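Engineer: This is the structure I have questions about; it appears just below.
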Amino acid sequence: MEKRKFTISIFSEDRIGVLHSITIIFTRRKLNIDSLNTSESETKGVFRFTLVLTTDLDTAKKVRKQINKLVDVLGAFLHEDEEVVHREIALYKIATSSFYNGNEVEQLLRFHSARIIRVEKEYLVIEKTGWKEETQQLLSDLEPFGVIEFIRSGRIAISKVWTNTHEEVTKYEQHHND
């Protein structure tokens, strides 16, 4: 079967060990988590995990189904890339001296729609929001200027379907508790 990227949005109660329980499912299946992001959701006491994995559709469905069986999980939803709006954020630290040799770095930042968020005597921090390929391309373009540090967040994603997360999780719980 064809491997492709999937996003799994998981909603859970705020409990210790939920992430551990989720990652065990991936470990047992020998699957790598390409990206992971956790945060509070819009519903008080409910946390959202956004995981990205590369696999075939059948395996992705099985993983989602296993995650749904976990006690503290309120609902897990599987999405293909075209079903979500997603972005990542990247931070780059480069030497301030890079700006002393003309405006090449400044033009590069404008081209990539990146911005400087911190300026210090020795370095500056640049922020870029976009798809992984975009943040990776800026990294490549900045390498000749000496990237001191680089970090990229995990994917954050929202379904393109008009839904209210709280209502969807409630429907899911009612359906599975009957």
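Letters for chains follow the order of the structure tokens (A, B, ...), residue numbers begin at 1 for each chain, and ligand numbers begin at 1 in the order shown.
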Any chance you could tabulate, as CSV, the residues of segment 106-157 of chain A at most 7 Å from segment 24-37 of chain A with each one's nearest atom pair and distance in Å to one decimal, using only C-alpha atoms, in chain and rising number order?
Structural biologist:
```
residue,atom,partner,partner_atom,distance
A:Gly154,CA,A:Ser35,CA,4.8
A:Arg155,CA,A:Ser35,CA,6.1
A:Ile156,CA,A:Asn37,CA,6.6
```
Engineer: Okay, now the selection with N, CA and C atoms, as a compact mmCIF listing (two decimals), in the first residue's frame?
Structural biologist:
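As written to disk, part-v6.txt reads:
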```
# COMPACT_ATOMS: atom_id res chain seq x y z
N GLY A 154 6.31 21.10 16.14
CA GLY A 154 5.51 20.07 15.49
C GLY A 154 4.36 20.73 14.75
N ARG A 155 3.72 19.96 13.92
CA ARG A 155 2.58 20.46 13.16
C ARG A 155 1.43 20.84 14.09
N ILE A 156 0.82 21.96 13.80
CA ILE A 156 -0.47 22.28 14.40
C ILE A 156 -1.48 22.25 13.26
```
Engineer: Could you pull out the strand (DSSP E) residues of segment 1-159 of chain A, going by DSSP on the backbone, and write them as number ranges by chain?
Structural biologist: A: 4-13, 35-40, 46-55, 73-80, 84-95, 115-119, 123-130, 147-152, 156-159
Engineer: Need to verify the contact set: Asp58 of chain A, 12 Å, only C-alpha atoms, exclusion of same-chain residues closer than 5 positions in sequence. Can you return it as a tab-separated table (two decimals) with N, CA and C atoms, in the first residue's frame?
Structural biologist:
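Full text of around-v4.tsv as output:
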```tsv
chain	number	residue	atom	x	y	z
A	1	MET	N	0.84	-1.19	0.00
A	1	MET	CA	0.00	0.00	0.00
A	1	MET	C	0.88	1.25	0.00
A	2	GLU	N	0.32	2.30	-0.53
A	2	GLU	CA	1.03	3.57	-0.66
A	2	GLU	C	1.15	4.28	0.69
A	3	LYS	N	2.37	4.70	1.04
A	3	LYS	CA	2.59	5.45	2.27
A	3	LYS	C	2.42	6.93	2.00
A	4	ARG	N	1.75	7.61	2.94
A	4	ARG	CA	1.57	9.06	2.85
A	4	ARG	C	1.41	9.62	4.25
A	6	PHE	N	-0.36	11.38	7.43
A	6	PHE	CA	-1.66	11.50	8.08
A	6	PHE	C	-1.50	12.32	9.35
A	63	VAL	N	-4.25	2.49	13.95
A	63	VAL	CA	-3.63	3.27	15.02
A	63	VAL	C	-4.67	4.17	15.68
A	64	ARG	N	-5.47	4.86	14.86
A	64	ARG	CA	-6.53	5.73	15.39
A	64	ARG	C	-7.51	4.92	16.25
A	65	LYS	N	-7.86	3.75	15.77
A	65	LYS	CA	-8.80	2.90	16.49
A	65	LYS	C	-8.22	2.47	17.85
A	78	LEU	N	-8.73	10.95	12.41
A	78	LEU	CA	-7.71	10.76	11.39
A	78	LEU	C	-8.00	11.68	10.21
```
Engineer: Closest to Glu133 of chain A among A:Arg87, A:Lys44, A:Arg15, A:His20, using only C-alpha atoms?
Structural biologist: A:Arg87
Engineer: Would you compute the distance between atom CA of Val46 of chain A and atom CA of Glu127 of chain A? Give it in Å to one decimal.
Structural biologist: 28.8 Å
Engineer: Hey, what's within 7 Å of segment 145-151 of chain A if we count only C-alpha atoms and toss same-chain stuff fewer than 3 positions away? As a list in words, please?
Structural biologist: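 Residues meeting the cut-off are Ala90, Leu91, Tyr92, Lys93, Ile94, Ala95, Ser98 and Leu142 of chain A.
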Engineer: For Gln107 of chain A, which of A:Ala60, A:Asp141, A:Thr50, A:Ser12 is the closest residue, counting only C-alpha atoms?
Structural biologist: A:Asp141
